[in-house]
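**Student:** One structure, as structure tokens, below. Some questions next.
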Amino acid sequence: MRVATWNVNSIRTRAARVVDWLGREDIDVLGMQEIKCKESQFPFELFEEAGYEVQLHGLNQWNGVAFASRLPMDDVQIGFPSAPGFSKTEVEGAPPLEARAMAVTVEGVRLWSLYVPNGRSLDDPHLAYKLDWLAKLASDTTAWLAEHPDTPLALMGDWNIAPLDSDVWPTWDFATSTHTSAPERAAFAEFETIGLSDVVRPRVPGGFTYWDYQQLRFPRNEGMRIDFIMGSAPFAQLVTAASIHRDERKGDGPSDHVPVVVDLDIAVEDDEDRPMIF
């Protein structure tokens, strides 16, 4: 079974490109982030014609997560139990929840598509929100792992954190930047403490997954590695290969992120009736 994660940065803009890639790379399940649309706006037809079912959580033109799968998806879950909300202005009661997390189960594997908040700057309220969001996710994941110790689990998506200095280009300003601050890296490391591991890095030690559109970042290879698949021990044991698809940052109308892919030692039935994509 081939599983991938990709921050598509507006699915309505890139649907044809995403569907073409799914077929070329023989992807079974794709977790998407930043779909930037509501359900009524999602281009379902393109995916369905290619043999993929879609489940999504999108509220407006911001954020949004989804799954596209050509295998049955079960136990769809929107958000995690203790997820905090966020509002730029004062609101009565709890602030609204953003569309940043959803989960499905495919072939007995529990998969999450996550769009971790961007801290924006070291003195921005979004950074406190980001750290709280990650802490709550880690706490809920700890509880889930205790209840389902033998079920393969992967937290996939855009983490908006570069855990290692080598995950950003050499002239990165560590003193004033988010994504590499000590609190953010500590929040990321907490997921390793509770029993998850980066299942891609052992097979792909180097390489970025994101390049800003501005200032010729991609031609200069001034990127960041911020998209990860963090798997539980049962999930990691299934991984047979991994890859970062850098070429998807090239060409017309690319996302600023590229797909990250893992192959799992799970046999799936080959459906000869699947639509062919040319």
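We name chains A, B, ... following the order of the structure tokens; residues begin at 1 in each chain, and ligands are numbered from 1 as shown.
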Please provide as an NGL selection string all residues within 7 Å of range 224-240 of chain A, with the sequence filter that same-chain residues fewer than 3 positions apart are discarded (counting only C-alpha atoms).
**Tutor:** :A and (150-162 or 167-169 or 195-200 or 207-211 or 262-265)
**Student:** Could the residues in this selection be saved with N, CA, C and O atoms as a compact mmCIF listing (two decimals), in the first residue's frame?
**Tutor:**
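Final output, result31.txt:
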# COMPACT_ATOMS: atom_id res chain seq x y z
N ASP A 150 -1.44 -1.91 19.26
CA ASP A 150 -1.03 -2.75 18.13
C ASP A 150 -1.49 -2.22 16.77
O ASP A 150 -1.15 -2.80 15.74
N THR A 151 -2.23 -1.13 16.77
CA THR A 151 -2.73 -0.58 15.51
C THR A 151 -1.72 0.38 14.91
O THR A 151 -1.27 1.32 15.57
N PRO A 152 -1.33 0.18 13.66
CA PRO A 152 -0.41 1.13 13.02
C PRO A 152 -1.03 2.52 12.92
O PRO A 152 -2.18 2.67 12.50
N LEU A 153 -0.27 3.52 13.30
CA LEU A 153 -0.74 4.90 13.33
C LEU A 153 0.29 5.80 12.67
O LEU A 153 1.50 5.66 12.92
N ALA A 154 -0.17 6.74 11.85
CA ALA A 154 0.74 7.74 11.28
C ALA A 154 0.10 9.12 11.37
O ALA A 154 -1.07 9.30 10.99
N LEU A 155 0.87 10.07 11.86
CA LEU A 155 0.49 11.48 11.85
C LEU A 155 1.24 12.10 10.67
O LEU A 155 2.46 12.25 10.71
N MET A 156 0.51 12.47 9.63
CA MET A 156 1.13 12.93 8.39
C MET A 156 0.72 14.37 8.11
O MET A 156 -0.41 14.77 8.39
N GLY A 157 1.65 15.13 7.53
CA GLY A 157 1.24 16.44 7.09
C GLY A 157 2.31 17.49 7.15
O GLY A 157 3.51 17.21 7.25
N ASP A 158 1.83 18.73 7.11
CA ASP A 158 2.68 19.92 7.18
C ASP A 158 2.79 20.31 8.65
O ASP A 158 1.85 20.86 9.23
N TRP A 159 3.97 20.05 9.22
CA TRP A 159 4.17 20.30 10.64
C TRP A 159 4.64 21.73 10.93
O TRP A 159 4.66 22.15 12.08
N ASN A 160 5.05 22.45 9.91
CA ASN A 160 5.55 23.81 10.09
C ASN A 160 6.65 23.90 11.14
O ASN A 160 6.76 24.89 11.87
N ILE A 161 7.47 22.85 11.20
CA ILE A 161 8.63 22.81 12.09
C ILE A 161 9.77 22.12 11.33
O ILE A 161 9.54 21.10 10.67
N ALA A 162 10.95 22.70 11.43
CA ALA A 162 12.15 22.07 10.88
C ALA A 162 12.97 21.57 12.06
O ALA A 162 13.65 22.35 12.73
N ASP A 167 17.56 21.00 8.12
CA ASP A 167 16.25 21.04 7.48
C ASP A 167 15.90 22.42 6.94
O ASP A 167 14.77 22.64 6.46
N VAL A 168 16.83 23.37 7.03
CA VAL A 168 16.67 24.69 6.42
C VAL A 168 17.95 25.05 5.68
O VAL A 168 19.01 24.46 5.93
N TRP A 169 17.88 26.02 4.80
CA TRP A 169 19.05 26.37 4.02
C TRP A 169 20.11 27.05 4.89
O TRP A 169 19.78 27.58 5.97
N GLY A 195 6.48 7.84 21.45
CA GLY A 195 6.57 6.57 20.73
C GLY A 195 6.45 6.64 19.21
O GLY A 195 6.36 5.59 18.56
N LEU A 196 6.44 7.85 18.64
CA LEU A 196 6.41 7.98 17.19
C LEU A 196 7.81 8.26 16.65
O LEU A 196 8.68 8.73 17.38
N SER A 197 8.01 7.99 15.37
CA SER A 197 9.30 8.28 14.75
C SER A 197 9.08 8.75 13.32
O SER A 197 8.07 8.41 12.69
N ASP A 198 10.02 9.52 12.83
CA ASP A 198 10.01 9.96 11.45
C ASP A 198 10.40 8.76 10.59
O ASP A 198 11.56 8.35 10.57
N VAL A 199 9.44 8.21 9.86
CA VAL A 199 9.71 6.97 9.12
C VAL A 199 10.34 7.23 7.76
O VAL A 199 10.75 6.28 7.07
N VAL A 200 10.45 8.50 7.37
CA VAL A 200 11.03 8.84 6.07
C VAL A 200 12.53 9.12 6.18
O VAL A 200 13.32 8.67 5.35
N GLY A 207 17.16 16.54 2.09
CA GLY A 207 16.15 17.02 1.15
C GLY A 207 15.08 17.85 1.81
O GLY A 207 14.70 17.62 2.97
N PHE A 208 14.61 18.84 1.07
CA PHE A 208 13.56 19.73 1.56
C PHE A 208 12.20 19.30 1.01
O PHE A 208 12.11 18.54 0.04
N THR A 209 11.13 19.82 1.63
CA THR A 209 9.77 19.53 1.17
C THR A 209 9.00 20.79 0.84
O THR A 209 7.86 20.72 0.39
N TYR A 210 9.61 21.97 1.07
CA TYR A 210 8.92 23.25 0.88
C TYR A 210 9.91 24.30 0.42
O TYR A 210 11.03 24.37 0.93
N TRP A 211 9.48 25.10 -0.57
CA TRP A 211 10.25 26.25 -1.03
C TRP A 211 9.26 27.39 -1.26
O TRP A 211 8.31 27.26 -2.03
N VAL A 262 5.36 7.00 1.48
CA VAL A 262 5.90 5.77 2.06
C VAL A 262 5.17 4.57 1.46
O VAL A 262 3.98 4.63 1.15
N ASP A 263 5.92 3.48 1.27
CA ASP A 263 5.35 2.21 0.87
C ASP A 263 5.23 1.32 2.10
O ASP A 263 6.19 1.21 2.89
N LEU A 264 4.08 0.70 2.25
CA LEU A 264 3.81 -0.17 3.40
C LEU A 264 3.68 -1.61 2.93
O LEU A 264 3.14 -1.89 1.86
N ASP A 265 4.15 -2.51 3.76
CA ASP A 265 4.08 -3.94 3.46
C ASP A 265 2.68 -4.45 3.76
O ASP A 265 2.45 -5.26 4.66
**Student:** Would you list the contacts of Glu269 in chain A as a list in words, taking every protein, DNA or RNA residue within 12 Å and counting only C-alpha atoms, but skipping same-chain residues closer than 5 positions in sequence?
**Tutor:**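 Everything that qualifies: Met1, Asp28, Arg70, Leu71, Pro72, Glu107 and Arg274 of chain A.
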**Student:** May I ask which of the residues A:Asp140, A:Glu222, A:Glu45, A:Asp212 is the closest one to Phe80 in chain A, counting only C-alpha atoms?
**Tutor:**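 Of the candidates, the smallest distance to Phe80 in chain A is held by A:Asp140.
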**Student:** Hey, what's within 10 Å of Ala15 in chain A if we count only C-alpha atoms and toss same-chain stuff fewer than 2 positions away? As a PyMOL selection string, please?
**Tutor:** chain A and resi 8+10-13+17-21+35+42-44+46-47
**Student:** Any idea what's packed within 8 Å of Val76 in chain A, counting only C-alpha atoms, ignoring anything in its chain fewer than 5 positions away? Could you give it as a VMD selection string?
**Tutor:** chain A and resid 55 102 to 105
**Student:** Could the residues in this selection be written to a file with all heavy atoms, as a PDB file, in the first residue's frame?
**Tutor:**
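The resulting file, part.pdb, is reproduced below:
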ATOM      1  N   GLN A  55     -12.647  12.250   1.408  1.00  0.00           N
ATOM      2  CA  GLN A  55     -13.206  12.717   2.668  1.00  0.00           C
ATOM      3  C   GLN A  55     -12.469  13.999   3.020  1.00  0.00           C
ATOM      4  O   GLN A  55     -11.239  14.076   2.880  1.00  0.00           O
ATOM      5  CB  GLN A  55     -13.015  11.682   3.778  1.00  0.00           C
ATOM      6  CG  GLN A  55     -13.737  10.377   3.571  1.00  0.00           C
ATOM      7  CD  GLN A  55     -15.228  10.475   3.823  1.00  0.00           C
ATOM      8  OE1 GLN A  55     -15.709  11.461   4.388  1.00  0.00           O
ATOM      9  NE2 GLN A  55     -15.977   9.441   3.411  1.00  0.00           N
ATOM     10  N   MET A 102      -7.798  15.666  10.510  1.00  0.00           N
ATOM     11  CA  MET A 102      -8.818  14.635  10.347  1.00  0.00           C
ATOM     12  C   MET A 102      -8.121  13.290  10.201  1.00  0.00           C
ATOM     13  O   MET A 102      -6.933  13.224   9.838  1.00  0.00           O
ATOM     14  CB  MET A 102      -9.717  14.908   9.141  1.00  0.00           C
ATOM     15  CG  MET A 102      -9.078  14.744   7.796  1.00  0.00           C
ATOM     16  SD  MET A 102     -10.277  14.896   6.421  1.00  0.00           S
ATOM     17  CE  MET A 102     -11.379  13.501   6.759  1.00  0.00           C
ATOM     18  N   ALA A 103      -8.856  12.236  10.496  1.00  0.00           N
ATOM     19  CA  ALA A 103      -8.285  10.889  10.458  1.00  0.00           C
ATOM     20  C   ALA A 103      -9.217   9.935   9.733  1.00  0.00           C
ATOM     21  O   ALA A 103     -10.443  10.119   9.720  1.00  0.00           O
ATOM     22  CB  ALA A 103      -8.026  10.384  11.875  1.00  0.00           C
ATOM     23  N   VAL A 104      -8.611   8.906   9.135  1.00  0.00           N
ATOM     24  CA  VAL A 104      -9.355   7.799   8.531  1.00  0.00           C
ATOM     25  C   VAL A 104      -8.582   6.518   8.822  1.00  0.00           C
ATOM     26  O   VAL A 104      -7.388   6.554   9.153  1.00  0.00           O
ATOM     27  CB  VAL A 104      -9.527   7.971   7.006  1.00  0.00           C
ATOM     28  CG1 VAL A 104     -10.336   9.216   6.686  1.00  0.00           C
ATOM     29  CG2 VAL A 104      -8.169   7.996   6.297  1.00  0.00           C
ATOM     30  N   THR A 105      -9.250   5.400   8.683  1.00  0.00           N
ATOM     31  CA  THR A 105      -8.600   4.098   8.782  1.00  0.00           C
ATOM     32  C   THR A 105      -8.700   3.399   7.427  1.00  0.00           C
ATOM     33  O   THR A 105      -9.793   3.294   6.866  1.00  0.00           O
ATOM     34  CB  THR A 105      -9.248   3.227   9.876  1.00  0.00           C
ATOM     35  OG1 THR A 105      -9.077   3.878  11.151  1.00  0.00           O
ATOM     36  CG2 THR A 105      -8.587   1.850   9.939  1.00  0.00           C
TER      37      THR A 105
END
**Student:** Of the candidates A:Gly108, A:Pro81, A:Pro183, A:Gly51, which one gets nearest to Lys130 in chain A if we count only C-alpha atoms?
**Tutor:**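 Closest to Lys130 in chain A, using only C-alpha atoms: A:Pro183.
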**Student:** Just the residues within 12 Å of Lys88 in chain A, please, counting only C-alpha atoms, with nothing from its chain fewer than 5 positions along; format it as an MDAnalysis selection string.
**Tutor:** chainID A and resid 95:96 124:126 129
**Student:** How about saving the chosen residues, all heavy atoms kept, as a short mmCIF file (atom, residue, chain, number, x, y, z; two decimals), in the first residue's frame?
**Tutor:**
data_model
loop_
_atom_site.label_atom_id
_atom_site.label_comp_id
_atom_site.auth_asym_id
_atom_site.auth_seq_id
_atom_site.Cartn_x
_atom_site.Cartn_y
_atom_site.Cartn_z
N PRO A 95 -12.90 29.72 21.52
CA PRO A 95 -12.70 30.21 20.15
C PRO A 95 -12.98 29.12 19.14
O PRO A 95 -12.91 27.93 19.45
CB PRO A 95 -11.22 30.63 20.14
CG PRO A 95 -10.59 29.84 21.24
CD PRO A 95 -11.65 29.68 22.29
N PRO A 96 -13.30 29.48 17.92
CA PRO A 96 -13.69 28.48 16.91
C PRO A 96 -12.53 27.57 16.52
O PRO A 96 -11.36 27.99 16.50
CB PRO A 96 -14.13 29.33 15.72
CG PRO A 96 -13.45 30.65 15.91
CD PRO A 96 -13.37 30.85 17.40
N ASP A 124 4.23 36.44 18.01
CA ASP A 124 2.86 36.44 17.51
C ASP A 124 2.00 35.48 18.34
O ASP A 124 2.48 34.42 18.74
CB ASP A 124 2.85 36.01 16.04
CG ASP A 124 1.51 36.27 15.36
OD1 ASP A 124 0.53 35.57 15.67
OD2 ASP A 124 1.46 37.19 14.52
N PRO A 125 0.72 35.83 18.61
CA PRO A 125 -0.17 34.90 19.33
C PRO A 125 -0.30 33.54 18.65
O PRO A 125 -0.62 32.55 19.30
CB PRO A 125 -1.51 35.65 19.35
CG PRO A 125 -1.15 37.09 19.20
CD PRO A 125 0.07 37.12 18.34
N HIS A 126 -0.06 33.48 17.34
CA HIS A 126 -0.15 32.21 16.64
C HIS A 126 0.89 31.21 17.14
O HIS A 126 0.67 30.00 17.04
CB HIS A 126 0.03 32.42 15.14
CG HIS A 126 -1.20 32.89 14.44
ND1 HIS A 126 -1.54 34.22 14.37
CD2 HIS A 126 -2.19 32.22 13.79
CE1 HIS A 126 -2.68 34.35 13.70
NE2 HIS A 126 -3.10 33.15 13.34
N TYR A 129 -0.54 29.58 20.17
CA TYR A 129 -1.60 28.68 19.67
C TYR A 129 -1.00 27.41 19.09
O TYR A 129 -1.46 26.30 19.36
CB TYR A 129 -2.42 29.44 18.63
CG TYR A 129 -3.34 28.62 17.77
CD1 TYR A 129 -4.24 27.71 18.33
CD2 TYR A 129 -3.33 28.78 16.38
CE1 TYR A 129 -5.10 26.98 17.52
CE2 TYR A 129 -4.19 28.06 15.57
CZ TYR A 129 -5.07 27.16 16.14
OH TYR A 129 -5.92 26.43 15.33
#
**Student:** Mind giving me the straight-line distance from CA of Arg120 in chain A to CA of Ser243 in chain A in Å, one decimal?
**Tutor:**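 Straight-line distance from CA of Arg120 in chain A to CA of Ser243 in chain A works out to 28.2 Å.
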**Student:** Name the residues of range 32-231 of chain A that fall into helix (DSSP H, G or I) according to DSSP on the backbone, using the chain letters and numbers of this document, as a tab-separated table (two decimals) with N, CA and C atoms, in the first residue's frame.
**Tutor:**
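So states-v6.tsv came out as:
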chain	number	residue	atom	x	y	z
A	39	GLU	N	-16.69	21.90	1.43
A	39	GLU	CA	-17.08	20.67	0.73
A	39	GLU	C	-17.79	20.99	-0.59
A	40	SER	N	-18.63	22.02	-0.59
A	40	SER	CA	-19.37	22.36	-1.80
A	40	SER	C	-18.47	22.86	-2.93
A	41	GLN	N	-17.24	23.21	-2.61
A	41	GLN	CA	-16.32	23.76	-3.60
A	41	GLN	C	-15.28	22.74	-4.06
A	44	PHE	N	-14.68	17.13	-6.63
A	44	PHE	CA	-14.84	15.69	-6.44
A	44	PHE	C	-14.76	14.92	-7.75
A	45	GLU	N	-15.34	15.46	-8.82
A	45	GLU	CA	-15.47	14.69	-10.05
A	45	GLU	C	-14.13	14.22	-10.60
A	46	LEU	N	-13.12	15.08	-10.56
A	46	LEU	CA	-11.81	14.69	-11.07
A	46	LEU	C	-11.26	13.50	-10.31
A	47	PHE	N	-11.42	13.50	-9.00
A	47	PHE	CA	-10.92	12.39	-8.19
A	47	PHE	C	-11.74	11.14	-8.40
A	48	GLU	N	-13.04	11.29	-8.45
A	48	GLU	CA	-13.91	10.12	-8.64
A	48	GLU	C	-13.67	9.46	-10.00
A	49	GLU	N	-13.46	10.26	-11.04
A	49	GLU	CA	-13.17	9.71	-12.36
A	49	GLU	C	-11.87	8.91	-12.37
A	125	PRO	N	0.72	35.83	18.61
A	125	PRO	CA	-0.17	34.90	19.33
A	125	PRO	C	-0.30	33.54	18.65
A	126	HIS	N	-0.06	33.48	17.34
A	126	HIS	CA	-0.15	32.21	16.64
A	126	HIS	C	0.89	31.21	17.14
A	127	LEU	N	2.01	31.70	17.65
A	127	LEU	CA	3.03	30.76	18.14
A	127	LEU	C	2.54	30.05	19.40
A	128	ALA	N	1.94	30.81	20.32
A	128	ALA	CA	1.37	30.18	21.51
A	128	ALA	C	0.27	29.19	21.14
A	129	TYR	N	-0.54	29.58	20.17
A	129	TYR	CA	-1.60	28.68	19.67
A	129	TYR	C	-1.00	27.41	19.09
A	130	LYS	N	0.05	27.56	18.30
A	130	LYS	CA	0.72	26.42	17.68
A	130	LYS	C	1.25	25.46	18.74
A	131	LEU	N	1.90	25.99	19.76
A	131	LEU	CA	2.47	25.13	20.80
A	131	LEU	C	1.38	24.44	21.60
A	132	ASP	N	0.30	25.14	21.87
A	132	ASP	CA	-0.83	24.54	22.59
A	132	ASP	C	-1.46	23.45	21.74
A	133	TRP	N	-1.63	23.72	20.45
A	133	TRP	CA	-2.23	22.76	19.52
A	133	TRP	C	-1.40	21.47	19.48
A	134	LEU	N	-0.10	21.61	19.39
A	134	LEU	CA	0.78	20.44	19.35
A	134	LEU	C	0.77	19.68	20.68
A	135	ALA	N	0.75	20.41	21.79
A	135	ALA	CA	0.72	19.75	23.09
A	135	ALA	C	-0.56	18.94	23.26
A	136	LYS	N	-1.68	19.51	22.83
A	136	LYS	CA	-2.95	18.79	22.94
A	136	LYS	C	-2.96	17.57	22.02
A	137	LEU	N	-2.41	17.72	20.83
A	137	LEU	CA	-2.33	16.59	19.90
A	137	LEU	C	-1.47	15.47	20.49
A	138	ALA	N	-0.35	15.83	21.09
A	138	ALA	CA	0.52	14.83	21.69
A	138	ALA	C	-0.18	14.10	22.84
A	139	SER	N	-0.91	14.85	23.65
A	139	SER	CA	-1.64	14.25	24.76
A	139	SER	C	-2.70	13.28	24.27
A	140	ASP	N	-3.48	13.69	23.27
A	140	ASP	CA	-4.52	12.82	22.74
A	140	ASP	C	-3.93	11.60	22.03
A	141	THR	N	-2.78	11.80	21.37
A	141	THR	CA	-2.13	10.67	20.70
A	141	THR	C	-1.60	9.67	21.72
A	142	THR	N	-1.07	10.17	22.82
A	142	THR	CA	-0.59	9.28	23.89
A	142	THR	C	-1.73	8.39	24.38
A	143	ALA	N	-2.88	8.99	24.61
A	143	ALA	CA	-4.03	8.22	25.08
A	143	ALA	C	-4.47	7.20	24.04
A	144	TRP	N	-4.47	7.60	22.76
A	144	TRP	CA	-4.88	6.69	21.70
A	144	TRP	C	-3.92	5.51	21.59
A	145	LEU	N	-2.63	5.78	21.67
A	145	LEU	CA	-1.63	4.70	21.58
A	145	LEU	C	-1.80	3.71	22.73
A	146	ALA	N	-2.13	4.20	23.90
A	146	ALA	CA	-2.33	3.31	25.04
A	146	ALA	C	-3.55	2.41	24.84
A	147	GLU	N	-4.55	2.95	24.17
A	147	GLU	CA	-5.79	2.19	23.95
A	147	GLU	C	-5.67	1.25	22.76
A	165	ASP	N	18.88	21.53	12.13
A	165	ASP	CA	19.46	22.67	11.43
A	165	ASP	C	19.59	22.40	9.94
A	166	SER	N	19.85	21.15	9.57
A	166	SER	CA	20.01	20.80	8.16
A	166	SER	C	18.67	20.81	7.41
A	167	ASP	N	17.56	21.00	8.12
A	167	ASP	CA	16.25	21.04	7.48
A	167	ASP	C	15.90	22.42	6.94
A	182	ALA	N	13.46	26.88	19.80
A	182	ALA	CA	13.58	25.78	20.77
A	182	ALA	C	12.23	25.24	21.22
A	183	PRO	N	11.24	26.10	21.53
A	183	PRO	CA	9.94	25.54	21.94
A	183	PRO	C	9.26	24.71	20.85
A	184	GLU	N	9.38	25.15	19.60
A	184	GLU	CA	8.76	24.39	18.51
A	184	GLU	C	9.45	23.05	18.32
A	185	ARG	N	10.76	23.06	18.37
A	185	ARG	CA	11.49	21.80	18.21
A	185	ARG	C	11.23	20.85	19.39
A	186	ALA	N	11.07	21.42	20.56
A	186	ALA	CA	10.74	20.59	21.73
A	186	ALA	C	9.35	19.97	21.57
A	187	ALA	N	8.42	20.75	21.01
A	187	ALA	CA	7.07	20.23	20.77
A	187	ALA	C	7.09	19.09	19.77
A	188	PHE	N	7.92	19.21	18.74
A	188	PHE	CA	8.05	18.14	17.76
A	188	PHE	C	8.69	16.90	18.40
A	189	ALA	N	9.73	17.13	19.19
A	189	ALA	CA	10.44	16.01	19.83
A	189	ALA	C	9.53	15.24	20.78
A	190	GLU	N	8.52	15.90	21.31
A	190	GLU	CA	7.61	15.22	22.23
A	190	GLU	C	6.92	14.04	21.56
A	191	PHE	N	6.68	14.12	20.28
A	191	PHE	CA	6.03	13.02	19.58
A	191	PHE	C	6.96	11.80	19.50
A	192	GLU	N	8.24	12.04	19.45
A	192	GLU	CA	9.19	10.93	19.52
A	192	GLU	C	9.21	10.34	20.93
A	193	THR	N	9.08	11.20	21.93
A	193	THR	CA	9.05	10.73	23.32
A	193	THR	C	7.88	9.80	23.58
**Student:** If I take CA of Asn9 in chain A and CA of Ser255 in chain A, how far is one from the other in Å, to one decimal?
**Tutor:**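 Atom-to-atom, CA of Asn9 in chain A and CA of Ser255 in chain A are spaced 5.6 Å apart.
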**Student:** To one decimal place, how far is CA of Pro84 in chain A from CA of Val116 in chain A in Å?
**Tutor:** 11.8 Å
**Student:** In range 120-209 of chain A, what's strand (DSSP E) per DSSP? Answer as a PDB file with N, CA and C atoms, in the first residue's frame?
**Tutor:**
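Result saved to out-v5.pdb:
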ATOM      1  N   LEU A 153      -0.269   3.517  13.305  1.00  0.00           N
ATOM      2  CA  LEU A 153      -0.739   4.903  13.327  1.00  0.00           C
ATOM      3  C   LEU A 153       0.295   5.798  12.669  1.00  0.00           C
ATOM      4  N   ALA A 154      -0.170   6.743  11.848  1.00  0.00           N
ATOM      5  CA  ALA A 154       0.737   7.742  11.278  1.00  0.00           C
ATOM      6  C   ALA A 154       0.102   9.121  11.367  1.00  0.00           C
ATOM      7  N   LEU A 155       0.869  10.068  11.865  1.00  0.00           N
ATOM      8  CA  LEU A 155       0.493  11.478  11.845  1.00  0.00           C
ATOM      9  C   LEU A 155       1.239  12.101  10.669  1.00  0.00           C
ATOM     10  N   MET A 156       0.511  12.470   9.633  1.00  0.00           N
ATOM     11  CA  MET A 156       1.128  12.930   8.390  1.00  0.00           C
ATOM     12  C   MET A 156       0.717  14.373   8.108  1.00  0.00           C
ATOM     13  N   GLY A 157       1.649  15.126   7.529  1.00  0.00           N
ATOM     14  CA  GLY A 157       1.236  16.443   7.088  1.00  0.00           C
ATOM     15  C   GLY A 157       2.306  17.493   7.153  1.00  0.00           C
ATOM     16  N   ASP A 158       1.833  18.733   7.115  1.00  0.00           N
ATOM     17  CA  ASP A 158       2.680  19.918   7.183  1.00  0.00           C
ATOM     18  C   ASP A 158       2.788  20.310   8.650  1.00  0.00           C
ATOM     19  N   SER A 197       8.014   7.991  15.372  1.00  0.00           N
ATOM     20  CA  SER A 197       9.297   8.276  14.748  1.00  0.00           C
ATOM     21  C   SER A 197       9.082   8.747  13.320  1.00  0.00           C
ATOM     22  N   ASP A 198      10.022   9.524  12.834  1.00  0.00           N
ATOM     23  CA  ASP A 198      10.014   9.964  11.445  1.00  0.00           C
ATOM     24  C   ASP A 198      10.405   8.760  10.589  1.00  0.00           C
TER      25      ASP A 198
END
**Student:** Which residue gives the smallest distance to Ser69 in chain A among A:Asp26, A:Asp123, A:Glu53, A:Asp252, with only C-alpha atoms counted?
**Tutor:**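 Smallest distance to Ser69 in chain A is found for A:Glu53.
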**Student:** Rank A:Asp256, A:Arg249, A:Asp74, A:Ala267 by their smallest atom-to-atom distance to Gln214 in chain A, using only C-alpha atoms, and report the top residue only.
**Tutor:**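 Nearest candidate to Gln214 in chain A out of A:Asp256, A:Arg249, A:Asp74, A:Ala267: A:Asp256.
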